[in-house]
>>> print(open('model_32.cif').read())   # mmCIF, C-alpha atoms
data_work
loop_
_atom_site.group_PDB
_atom_site.id
_atom_site.type_symbol
_atom_site.label_atom_id
_atom_site.label_comp_id
_atom_site.auth_asym_id
_atom_site.auth_seq_id
_atom_site.Cartn_x
_atom_site.Cartn_y
_atom_site.Cartn_z
ATOM 1 C CA MET A 1 34.117 0.243 6.057
ATOM 2 C CA ARG A 2 31.311 2.477 5.056
ATOM 3 C CA ARG A 3 30.794 0.532 1.840
ATOM 4 C CA VAL A 4 30.777 -2.721 3.765
ATOM 5 C CA SER A 5 28.165 -1.346 6.160
ATOM 6 C CA LEU A 6 26.077 -0.095 3.280
ATOM 7 C CA PHE A 7 26.337 -3.471 1.567
ATOM 8 C CA ALA A 8 25.441 -5.273 4.791
ATOM 9 C CA GLY A 9 22.501 -2.928 5.205
ATOM 10 C CA LEU A 10 21.265 -3.613 1.700
ATOM 11 C CA VAL A 11 21.598 -7.359 2.124
ATOM 12 C CA SER A 12 19.781 -7.122 5.437
ATOM 13 C CA ALA A 13 16.987 -5.050 3.905
ATOM 14 C CA ALA A 14 16.735 -7.457 0.991
ATOM 15 C CA ILE A 15 16.430 -10.427 3.338
ATOM 16 C CA VAL A 16 13.734 -8.692 5.363
ATOM 17 C CA ALA A 17 11.831 -7.775 2.206
ATOM 18 C CA THR A 18 12.197 -11.308 0.834
ATOM 19 C CA VAL A 19 11.026 -12.938 4.046
ATOM 20 C CA SER A 20 8.074 -10.579 4.300
ATOM 21 C CA LEU A 21 7.054 -11.076 0.690
ATOM 22 C CA HIS A 22 7.518 -14.815 1.061
ATOM 23 C CA ALA A 23 5.220 -14.915 4.075
ATOM 24 C CA LEU A 24 2.599 -12.810 2.299
ATOM 25 C CA ALA A 25 2.890 -14.886 -0.870
ATOM 26 C CA GLN A 26 2.066 -17.954 1.235
ATOM 27 C CA ALA A 27 -1.057 -16.352 2.707
ATOM 28 C CA LYS A 28 -4.348 -17.433 1.162
ATOM 29 C CA PRO A 29 -5.989 -14.768 -1.026
ATOM 30 C CA GLU A 30 -9.159 -14.808 1.108
ATOM 31 C CA ASN A 31 -7.078 -14.143 4.223
ATOM 32 C CA LEU A 32 -5.264 -11.254 2.584
ATOM 33 C CA ILE A 33 -8.627 -9.807 1.540
ATOM 34 C CA LYS A 34 -9.939 -10.270 5.092
ATOM 35 C CA GLN A 35 -6.842 -8.535 6.455
ATOM 36 C CA ARG A 36 -7.227 -5.406 4.350
ATOM 37 C CA LYS A 37 -11.008 -5.253 4.815
ATOM 38 C CA SER A 38 -10.594 -5.543 8.585
ATOM 39 C CA ALA A 39 -8.119 -2.675 8.616
ATOM 40 C CA MET A 40 -10.348 -0.527 6.395
ATOM 41 C CA ALA A 41 -13.413 -1.315 8.548
ATOM 42 C CA LEU A 42 -11.579 -0.160 11.672
ATOM 43 C CA ILE A 43 -10.309 2.990 9.970
ATOM 44 C CA GLY A 44 -13.915 3.799 9.101
ATOM 45 C CA TRP A 45 -15.084 2.911 12.607
ATOM 46 C CA TYR A 46 -12.699 5.360 14.263
ATOM 47 C CA PHE A 47 -13.071 8.027 11.570
ATOM 48 C CA GLY A 48 -16.875 8.116 11.821
ATOM 49 C CA PRO A 49 -17.262 9.791 15.238
ATOM 50 C CA LEU A 50 -14.802 12.509 14.191
ATOM 51 C CA GLY A 51 -16.933 13.281 11.141
ATOM 52 C CA ALA A 52 -20.017 13.552 13.332
ATOM 53 C CA GLN A 53 -18.200 16.101 15.514
ATOM 54 C CA VAL A 54 -16.957 18.085 12.503
ATOM 55 C CA LYS A 55 -20.541 18.267 11.205
ATOM 56 C CA GLY A 56 -21.822 19.306 14.637
ATOM 57 C CA GLU A 57 -23.951 16.173 14.960
ATOM 58 C CA ALA A 58 -22.090 15.182 18.135
ATOM 59 C CA PRO A 59 -20.488 17.326 20.846
ATOM 60 C CA TRP A 60 -16.767 17.979 20.489
ATOM 61 C CA ASN A 61 -14.751 15.451 22.445
ATOM 62 C CA GLN A 62 -11.022 16.055 22.448
ATOM 63 C CA GLU A 63 -10.239 12.657 23.994
ATOM 64 C CA THR A 64 -11.961 10.949 21.080
ATOM 65 C CA TRP A 65 -9.867 12.984 18.638
ATOM 66 C CA ALA A 66 -6.611 12.098 20.347
ATOM 67 C CA ARG A 67 -7.440 8.413 20.763
ATOM 68 C CA ASN A 68 -9.100 7.742 17.416
ATOM 69 C CA THR A 69 -6.511 9.541 15.299
ATOM 70 C CA ALA A 70 -3.700 7.696 17.105
ATOM 71 C CA TYR A 71 -5.484 4.419 16.349
ATOM 72 C CA ILE A 72 -6.073 5.421 12.705
ATOM 73 C CA GLU A 73 -2.429 6.390 12.256
ATOM 74 C CA VAL A 74 -1.401 2.816 13.104
ATOM 75 C CA LEU A 75 -4.284 1.257 11.172
ATOM 76 C CA SER A 76 -3.430 3.333 8.069
ATOM 77 C CA LYS A 77 -0.230 1.339 7.673
ATOM 78 C CA MET A 78 -2.015 -2.015 7.440
ATOM 79 C CA PRO A 79 -4.286 -2.225 4.382
ATOM 80 C CA ILE A 80 -1.582 -1.967 1.703
ATOM 81 C CA GLU A 81 -0.064 -5.342 2.607
ATOM 82 C CA GLY A 82 -3.345 -7.108 1.898
ATOM 83 C CA PHE A 83 -3.353 -6.025 -1.762
ATOM 84 C CA GLN A 84 -1.005 -8.719 -3.025
ATOM 85 C CA PRO A 85 -1.123 -10.137 -6.567
ATOM 86 C CA GLY A 86 -3.806 -12.802 -6.843
ATOM 87 C CA THR A 87 -6.226 -11.021 -4.508
ATOM 88 C CA ASP A 88 -8.210 -9.287 -7.240
ATOM 89 C CA LYS A 89 -11.033 -11.853 -7.152
ATOM 90 C CA GLY A 90 -13.253 -12.900 -4.269
ATOM 91 C CA ASP A 91 -15.113 -10.953 -1.584
ATOM 92 C CA THR A 92 -13.595 -7.616 -2.526
ATOM 93 C CA LYS A 93 -14.559 -4.271 -4.037
ATOM 94 C CA ALA A 94 -11.014 -3.606 -5.251
ATOM 95 C CA LYS A 95 -11.010 -2.359 -8.850
ATOM 96 C CA PRO A 96 -8.649 -4.001 -11.365
ATOM 97 C CA ALA A 97 -6.636 -0.735 -11.348
ATOM 98 C CA VAL A 98 -5.223 -1.695 -7.912
ATOM 99 C CA PHE A 99 -3.303 -4.459 -9.625
ATOM 100 C CA SER A 100 -2.780 -2.939 -13.089
ATOM 101 C CA GLU A 101 -1.513 0.399 -11.728
ATOM 102 C CA PRO A 102 0.305 -0.615 -8.529
ATOM 103 C CA ALA A 103 2.570 2.462 -8.419
ATOM 104 C CA LYS A 104 -0.390 4.823 -8.636
ATOM 105 C CA PHE A 105 -2.245 2.784 -5.990
ATOM 106 C CA LYS A 106 0.753 2.782 -3.641
ATOM 107 C CA SER A 107 1.084 6.524 -4.076
ATOM 108 C CA ALA A 108 -2.596 7.054 -3.223
ATOM 109 C CA MET A 109 -2.222 4.863 -0.111
ATOM 110 C CA GLU A 110 0.863 6.795 0.970
ATOM 111 C CA LYS A 111 -0.985 10.089 0.480
ATOM 112 C CA MET A 112 -3.680 8.803 2.868
ATOM 113 C CA GLN A 113 -1.013 7.720 5.385
ATOM 114 C CA THR A 114 0.610 11.155 5.211
ATOM 115 C CA GLU A 115 -2.662 13.012 5.776
ATOM 116 C CA VAL A 116 -3.634 10.678 8.622
ATOM 117 C CA ALA A 117 -0.267 11.236 10.309
ATOM 118 C CA LYS A 118 -0.803 15.000 10.089
ATOM 119 C CA LEU A 119 -4.290 14.569 11.539
ATOM 120 C CA ALA A 120 -2.958 12.570 14.492
ATOM 121 C CA GLN A 121 -0.370 15.289 15.049
ATOM 122 C CA VAL A 122 -2.840 18.216 15.152
ATOM 123 C CA ALA A 123 -5.240 16.146 17.290
ATOM 124 C CA LYS A 124 -2.617 16.141 20.048
ATOM 125 C CA GLY A 125 -3.167 19.904 20.343
ATOM 126 C CA ALA A 126 -6.275 21.991 21.070
ATOM 127 C CA ASP A 127 -6.829 23.809 17.754
ATOM 128 C CA GLN A 128 -10.260 22.633 16.660
ATOM 129 C CA ALA A 129 -10.124 24.619 13.400
ATOM 130 C CA ALA A 130 -6.850 22.920 12.485
ATOM 131 C CA MET A 131 -8.329 19.512 13.308
ATOM 132 C CA LYS A 132 -11.399 20.214 11.162
ATOM 133 C CA ALA A 133 -9.233 21.428 8.260
ATOM 134 C CA GLN A 134 -6.934 18.405 8.425
ATOM 135 C CA PHE A 135 -9.936 16.101 8.791
ATOM 136 C CA GLY A 136 -11.096 17.522 5.455
ATOM 137 C CA GLU A 137 -7.714 16.912 3.822
ATOM 138 C CA THR A 138 -7.687 13.357 5.135
ATOM 139 C CA GLY A 139 -11.190 12.722 3.855
ATOM 140 C CA LYS A 140 -10.154 13.958 0.420
ATOM 141 C CA ALA A 141 -7.262 11.466 0.352
ATOM 142 C CA CYS A 142 -9.633 8.638 1.335
ATOM 143 C CA LYS A 143 -12.168 9.655 -1.316
ATOM 144 C CA ALA A 144 -9.593 10.076 -4.093
ATOM 145 C CA CYS A 145 -8.306 6.537 -3.530
ATOM 146 C CA HIS A 146 -11.811 5.060 -3.224
ATOM 147 C CA ASP A 147 -12.905 6.815 -6.435
ATOM 148 C CA ASP A 148 -10.012 5.368 -8.424
ATOM 149 C CA PHE A 149 -9.544 1.979 -6.799
ATOM 150 C CA ARG A 150 -12.752 0.817 -5.093
ATOM 151 C CA GLU A 151 -16.091 -0.173 -6.613
ATOM 152 C CA LYS A 152 -19.062 1.795 -5.267
ATOM 153 C CA ASP A 153 -21.194 0.126 -2.584
ATOM 154 C CA MET B 1 -8.226 23.916 44.940
ATOM 155 C CA ARG B 2 -7.134 20.343 44.740
ATOM 156 C CA ARG B 3 -10.652 19.141 45.517
ATOM 157 C CA VAL B 4 -12.079 21.409 42.836
ATOM 158 C CA SER B 5 -9.635 20.013 40.266
ATOM 159 C CA LEU B 6 -10.465 16.491 41.308
ATOM 160 C CA PHE B 7 -14.173 17.233 40.993
ATOM 161 C CA ALA B 8 -13.651 18.844 37.583
ATOM 162 C CA GLY B 9 -11.645 15.810 36.537
ATOM 163 C CA LEU B 10 -14.366 13.427 37.644
ATOM 164 C CA VAL B 11 -17.063 15.443 35.869
ATOM 165 C CA SER B 12 -14.907 15.553 32.754
ATOM 166 C CA ALA B 13 -14.302 11.798 32.889
ATOM 167 C CA ALA B 14 -18.008 11.175 33.419
ATOM 168 C CA ILE B 15 -18.895 13.308 30.395
ATOM 169 C CA VAL B 16 -16.365 11.506 28.216
ATOM 170 C CA ALA B 17 -17.672 8.133 29.371
ATOM 171 C CA THR B 18 -21.269 9.223 28.781
ATOM 172 C CA VAL B 19 -20.581 10.549 25.293
ATOM 173 C CA SER B 20 -18.628 7.431 24.348
ATOM 174 C CA LEU B 21 -21.300 5.090 25.685
ATOM 175 C CA HIS B 22 -23.989 7.144 23.951
ATOM 176 C CA ALA B 23 -22.200 6.846 20.604
ATOM 177 C CA LEU B 24 -21.676 3.108 21.083
ATOM 178 C CA ALA B 25 -25.278 2.608 22.195
ATOM 179 C CA GLN B 26 -26.362 4.176 18.891
ATOM 180 C CA ALA B 27 -24.186 1.828 16.838
ATOM 181 C CA LYS B 28 -25.968 -1.078 15.173
ATOM 182 C CA PRO B 29 -25.245 -4.482 16.781
ATOM 183 C CA GLU B 30 -23.932 -5.878 13.482
ATOM 184 C CA ASN B 31 -21.473 -2.987 13.197
ATOM 185 C CA LEU B 32 -20.240 -3.502 16.755
ATOM 186 C CA ILE B 33 -19.745 -7.199 16.000
ATOM 187 C CA LYS B 34 -17.896 -6.299 12.795
ATOM 188 C CA GLN B 35 -15.705 -3.866 14.750
ATOM 189 C CA ARG B 36 -14.569 -6.418 17.322
ATOM 190 C CA LYS B 37 -14.143 -9.201 14.758
ATOM 191 C CA SER B 38 -12.014 -6.918 12.571
ATOM 192 C CA ALA B 39 -9.766 -6.084 15.516
ATOM 193 C CA MET B 40 -9.465 -9.751 16.517
ATOM 194 C CA ALA B 41 -8.716 -10.785 12.914
ATOM 195 C CA LEU B 42 -5.868 -8.260 12.729
ATOM 196 C CA ILE B 43 -4.484 -9.329 16.108
ATOM 197 C CA GLY B 44 -4.387 -12.881 14.777
ATOM 198 C CA TRP B 45 -2.882 -11.727 11.482
ATOM 199 C CA TYR B 46 0.065 -9.995 13.164
ATOM 200 C CA PHE B 47 0.460 -12.649 15.877
ATOM 201 C CA GLY B 48 0.710 -15.518 13.397
ATOM 202 C CA PRO B 49 4.146 -14.806 11.896
ATOM 203 C CA LEU B 50 5.605 -14.442 15.402
ATOM 204 C CA GLY B 51 4.322 -17.898 16.316
ATOM 205 C CA ALA B 52 5.913 -19.347 13.184
ATOM 206 C CA GLN B 53 9.247 -17.851 14.247
ATOM 207 C CA VAL B 54 8.918 -19.117 17.826
ATOM 208 C CA LYS B 55 8.259 -22.615 16.456
ATOM 209 C CA GLY B 56 11.209 -22.330 14.072
ATOM 210 C CA GLU B 57 8.988 -22.638 11.010
ATOM 211 C CA ALA B 58 10.204 -19.252 9.772
ATOM 212 C CA PRO B 59 13.551 -17.479 10.181
ATOM 213 C CA TRP B 60 13.807 -15.010 13.040
ATOM 214 C CA ASN B 61 13.050 -11.504 11.861
ATOM 215 C CA GLN B 62 13.507 -8.814 14.471
ATOM 216 C CA GLU B 63 11.808 -6.141 12.348
ATOM 217 C CA THR B 64 8.669 -8.248 12.212
ATOM 218 C CA TRP B 65 8.727 -8.581 16.023
ATOM 219 C CA ALA B 66 9.092 -4.849 16.552
ATOM 220 C CA ARG B 67 6.477 -3.892 13.987
ATOM 221 C CA ASN B 68 3.865 -6.562 14.659
ATOM 222 C CA THR B 69 3.928 -6.273 18.440
ATOM 223 C CA ALA B 70 3.605 -2.476 18.195
ATOM 224 C CA TYR B 71 0.580 -2.984 15.937
ATOM 225 C CA ILE B 72 -0.900 -5.617 18.271
ATOM 226 C CA GLU B 73 -0.450 -3.366 21.304
ATOM 227 C CA VAL B 74 -2.703 -0.757 19.677
ATOM 228 C CA LEU B 75 -5.123 -3.362 18.286
ATOM 229 C CA SER B 76 -5.446 -5.018 21.719
ATOM 230 C CA LYS B 77 -7.266 -1.928 22.992
ATOM 231 C CA MET B 78 -10.010 -2.142 20.373
ATOM 232 C CA PRO B 79 -12.075 -5.339 20.706
ATOM 233 C CA ILE B 80 -13.569 -4.630 24.142
ATOM 234 C CA GLU B 81 -15.649 -1.705 22.877
ATOM 235 C CA GLY B 82 -17.452 -3.949 20.397
ATOM 236 C CA PHE B 83 -18.872 -6.168 23.147
ATOM 237 C CA GLN B 84 -21.799 -3.901 24.066
ATOM 238 C CA PRO B 85 -25.111 -5.196 25.441
ATOM 239 C CA GLY B 86 -27.348 -6.389 22.625
ATOM 240 C CA THR B 87 -24.475 -7.816 20.567
ATOM 241 C CA ASP B 88 -24.835 -11.384 21.844
ATOM 242 C CA LYS B 89 -26.753 -12.545 18.757
ATOM 243 C CA GLY B 90 -25.769 -12.465 15.098
ATOM 244 C CA ASP B 91 -22.559 -13.356 13.270
ATOM 245 C CA THR B 92 -20.548 -13.919 16.425
ATOM 246 C CA LYS B 93 -18.876 -16.712 18.377
ATOM 247 C CA ALA B 94 -19.131 -14.789 21.658
ATOM 248 C CA LYS B 95 -20.392 -17.030 24.474
ATOM 249 C CA PRO B 96 -23.261 -15.789 26.679
ATOM 250 C CA ALA B 97 -20.716 -15.474 29.509
ATOM 251 C CA VAL B 98 -19.330 -12.315 27.844
ATOM 252 C CA PHE B 99 -22.580 -10.584 28.716
ATOM 253 C CA SER B 100 -23.556 -12.466 31.890
ATOM 254 C CA GLU B 101 -20.104 -12.089 33.491
ATOM 255 C CA PRO B 102 -18.921 -8.712 32.175
ATOM 256 C CA ALA B 103 -16.478 -8.063 35.041
ATOM 257 C CA LYS B 104 -14.738 -11.397 34.474
ATOM 258 C CA PHE B 105 -14.664 -10.765 30.726
ATOM 259 C CA LYS B 106 -13.224 -7.267 31.176
ATOM 260 C CA SER B 107 -10.577 -8.667 33.494
ATOM 261 C CA ALA B 108 -9.595 -11.328 30.932
ATOM 262 C CA MET B 109 -9.369 -8.682 28.213
ATOM 263 C CA GLU B 110 -7.209 -6.476 30.414
ATOM 264 C CA LYS B 111 -4.926 -9.427 31.173
ATOM 265 C CA MET B 112 -4.432 -9.869 27.423
ATOM 266 C CA GLN B 113 -3.709 -6.139 26.999
ATOM 267 C CA THR B 114 -1.150 -6.282 29.819
ATOM 268 C CA GLU B 115 0.677 -9.274 28.350
ATOM 269 C CA VAL B 116 0.642 -7.741 24.857
ATOM 270 C CA ALA B 117 2.104 -4.490 26.203
ATOM 271 C CA LYS B 118 4.904 -6.477 27.863
ATOM 272 C CA LEU B 119 5.503 -8.325 24.586
ATOM 273 C CA ALA B 120 5.775 -5.063 22.648
ATOM 274 C CA GLN B 121 8.218 -3.818 25.256
ATOM 275 C CA VAL B 122 10.587 -6.820 25.080
ATOM 276 C CA ALA B 123 10.319 -6.841 21.267
ATOM 277 C CA LYS B 124 12.024 -3.444 21.230
ATOM 278 C CA GLY B 125 15.161 -5.183 22.529
ATOM 279 C CA ALA B 126 17.233 -8.049 21.185
ATOM 280 C CA ASP B 127 16.596 -10.802 23.767
ATOM 281 C CA GLN B 128 15.031 -13.578 21.712
ATOM 282 C CA ALA B 129 14.551 -15.836 24.740
ATOM 283 C CA ALA B 130 12.630 -13.069 26.512
ATOM 284 C CA MET B 131 10.497 -12.530 23.425
ATOM 285 C CA LYS B 132 9.722 -16.241 23.159
ATOM 286 C CA ALA B 133 8.844 -16.447 26.869
ATOM 287 C CA GLN B 134 6.574 -13.402 26.704
ATOM 288 C CA PHE B 135 5.022 -14.682 23.494
ATOM 289 C CA GLY B 136 4.053 -17.766 25.489
ATOM 290 C CA GLU B 137 2.532 -15.692 28.295
ATOM 291 C CA THR B 138 0.579 -13.654 25.766
ATOM 292 C CA GLY B 139 -0.683 -16.772 24.051
ATOM 293 C CA LYS B 140 -1.882 -18.120 27.403
ATOM 294 C CA ALA B 141 -3.881 -14.936 28.013
ATOM 295 C CA CYS B 142 -5.455 -15.214 24.548
ATOM 296 C CA LYS B 143 -6.310 -18.886 25.073
ATOM 297 C CA ALA B 144 -7.742 -18.401 28.572
ATOM 298 C CA CYS B 145 -10.151 -15.754 27.304
ATOM 299 C CA HIS B 146 -11.091 -17.765 24.201
ATOM 300 C CA ASP B 147 -11.716 -20.865 26.330
ATOM 301 C CA ASP B 148 -14.109 -19.038 28.618
ATOM 302 C CA PHE B 149 -15.733 -16.572 26.268
ATOM 303 C CA ARG B 150 -15.578 -17.795 22.650
ATOM 304 C CA GLU B 151 -17.255 -20.762 20.991
ATOM 305 C CA LYS B 152 -14.861 -23.159 19.303
ATOM 306 C CA ASP B 153 -14.490 -22.824 15.509
#
>>> encode(input="model_32.cif", output="structure tokens")
Amino acid sequence: MRRVSLFAGLVSAAIVATVSLHALAQAKPENLIKQRKSAMALIGWYFGPLGAQVKGEAPWNQETWARNTAYIEVLSKMPIEGFQPGTDKGDTKAKPAVFSEPAKFKSAMEKMQTEVAKLAQVAKGADQAAMKAQFGETGKACKACHDDFREKD
Amino acid sequence: MRRVSLFAGLVSAAIVATVSLHALAQAKPENLIKQRKSAMALIGWYFGPLGAQVKGEAPWNQETWARNTAYIEVLSKMPIEGFQPGTDKGDTKAKPAVFSEPAKFKSAMEKMQTEVAKLAQVAKGADQAAMKAQFGETGKACKACHDDFREKD
């Protein structure tokens, strides 16, 4: 029974993965690029005001921390699906390494997702020092991935 | 005591609103337009596969319903903040009515948010008919707002 359930689960997961990959494979490269750039733009949009508060350029606003980090946690899950094979050319700053080293790229994306999730968690509390520290860790994960996988502006 | 708390709450809310508006007022119009267009592009991106399933063009995939509607519920909160005064010109299809009838526009946006939240709620269950029906209601809210406030492509 357990083996049957496990088998059914694997088949189910395989079907889901196949359907998802099929749908993404059908998407036009320019739309996939637009998808990931939109997600990245919004991550930057909601990250920016937090950086200003960390640097003391804007007054601390706990509601902004709670809201923006919750938004970023969801947004952080989106960009990876836009980096499908065949989207290395076009209106993109993605380096060839995204596509030649996909495991390393996926790992860097997951590191960012992990740090963002931690940031959203501490931002539910009131410990500003913890928020600032985790903001720094998150920024490092963003920068590490940009350094390796994104052309400079 | 209760009146003091209420007063403190109102002052707090006013400060939050002031800080947020101040930050948005400082944002460049082109960045505000990019913010709202990015959010709308992602809403469309995650709405699309659901429409294909409703129309029977793609196999039903409950995981896609749960994931995409949860994403869209968060994304639905984002576009409104990009429609600040002074963002009526530039790379935008926003009609002048967005800025000349802000109360009507806000109401149309909130209608969309309400329908999307209902969609995310039913998508947590297993009632495909309910999902299809609420998908239709959500689509109507999108279309109504686009008809009144967005130039045709």
>>> closest_atom_pairs(input="model_32.cif", of="segment 52-134 of chain B", to="segment 52-70 of chain A", cutoff="12 Å", atoms="all atoms listed in the file", output="Markdown table")
| residue | atom | partner | partner_atom | distance |
| --- | --- | --- | --- | --- |
| B:Tyr71 | CA | A:Ala70 | CA | 11.6 |
| B:Val74 | CA | A:Ala70 | CA | 8.9 |
| B:Leu75 | CA | A:Ala70 | CA | 11.2 |
| B:Lys77 | CA | A:Arg67 | CA | 10.6 |
| B:Met78 | CA | A:Asn68 | CA | 10.4 |
>>> calpha_fit_rmsd(input="model_32.cif", fixed="chain B", moving="chain A")
0.2 Å
>>> resolve_selection(input="model_32.cif", expression="the PyMOL selection byres ((chain B and resi 144) around 12)", output="tab-separated table (two decimals) with C-alpha atoms, in the frame of the given file")
chain	number	residue	atom	x	y	z
B	104	LYS	CA	-14.74	-11.40	34.47
B	105	PHE	CA	-14.66	-10.76	30.73
B	107	SER	CA	-10.58	-8.67	33.49
B	108	ALA	CA	-9.60	-11.33	30.93
B	109	MET	CA	-9.37	-8.68	28.21
B	111	LYS	CA	-4.93	-9.43	31.17
B	112	MET	CA	-4.43	-9.87	27.42
B	137	GLU	CA	2.53	-15.69	28.30
B	138	THR	CA	0.58	-13.65	25.77
B	139	GLY	CA	-0.68	-16.77	24.05
B	140	LYS	CA	-1.88	-18.12	27.40
B	141	ALA	CA	-3.88	-14.94	28.01
B	142	CYS	CA	-5.46	-15.21	24.55
B	143	LYS	CA	-6.31	-18.89	25.07
B	145	CYS	CA	-10.15	-15.75	27.30
B	146	HIS	CA	-11.09	-17.76	24.20
B	147	ASP	CA	-11.72	-20.86	26.33
B	148	ASP	CA	-14.11	-19.04	28.62
B	149	PHE	CA	-15.73	-16.57	26.27
B	150	ARG	CA	-15.58	-17.80	22.65
>>> atom_distance(input="model_32.cif", atom1="atom CA of Ile33 of chain A", atom2="atom CA of Gly86 of chain A")
10.1 Å
>>> closest_residue(input="model_32.cif", among="B:Lys124, B:Lys95, B:Lys89, B:Lys106", to="Leu32 of chain B", atoms="all atoms listed in the file")
B:Lys89
>>> axis_aligned_box(input="model_32.cif", around="segment 118-124 of chain A", padding_each_side="4 Å", output="AutoDock Vina command-line options")
--center_x -2.8 --center_y 15.4 --center_z 15.1 --size_x 12.9 --size_y 13.6 --size_z 18.0
>>> resolve_selection(input="model_32.cif", expression="the PyMOL selection byres ((chain A and resi 118) around 10)", output="ChimeraX atom specification")
/A:69,73,112-117,119-123,131,134-135,137-138
>>> resolve_selection(input="model_32.cif", expression="the PyMOL selection byres ((chain A and resi 36-49) around 6)", output="list in words")
Ile33, Lys34, Gln35, Leu50, Gly51, Ala52, Asn68, Ile72, Pro79 and Gly82 of chain A; Ser38 of chain B
>>> atom_distance(input="model_32.cif", atom1="atom CA of Glu151 of chain A", atom2="atom CA of Ala94 of chain A")
6.3 Å
>>> atom_distance(input="model_32.cif", atom1="atom CA of Glu30 of chain A", atom2="atom CA of Lys93 of chain A")
12.9 Å
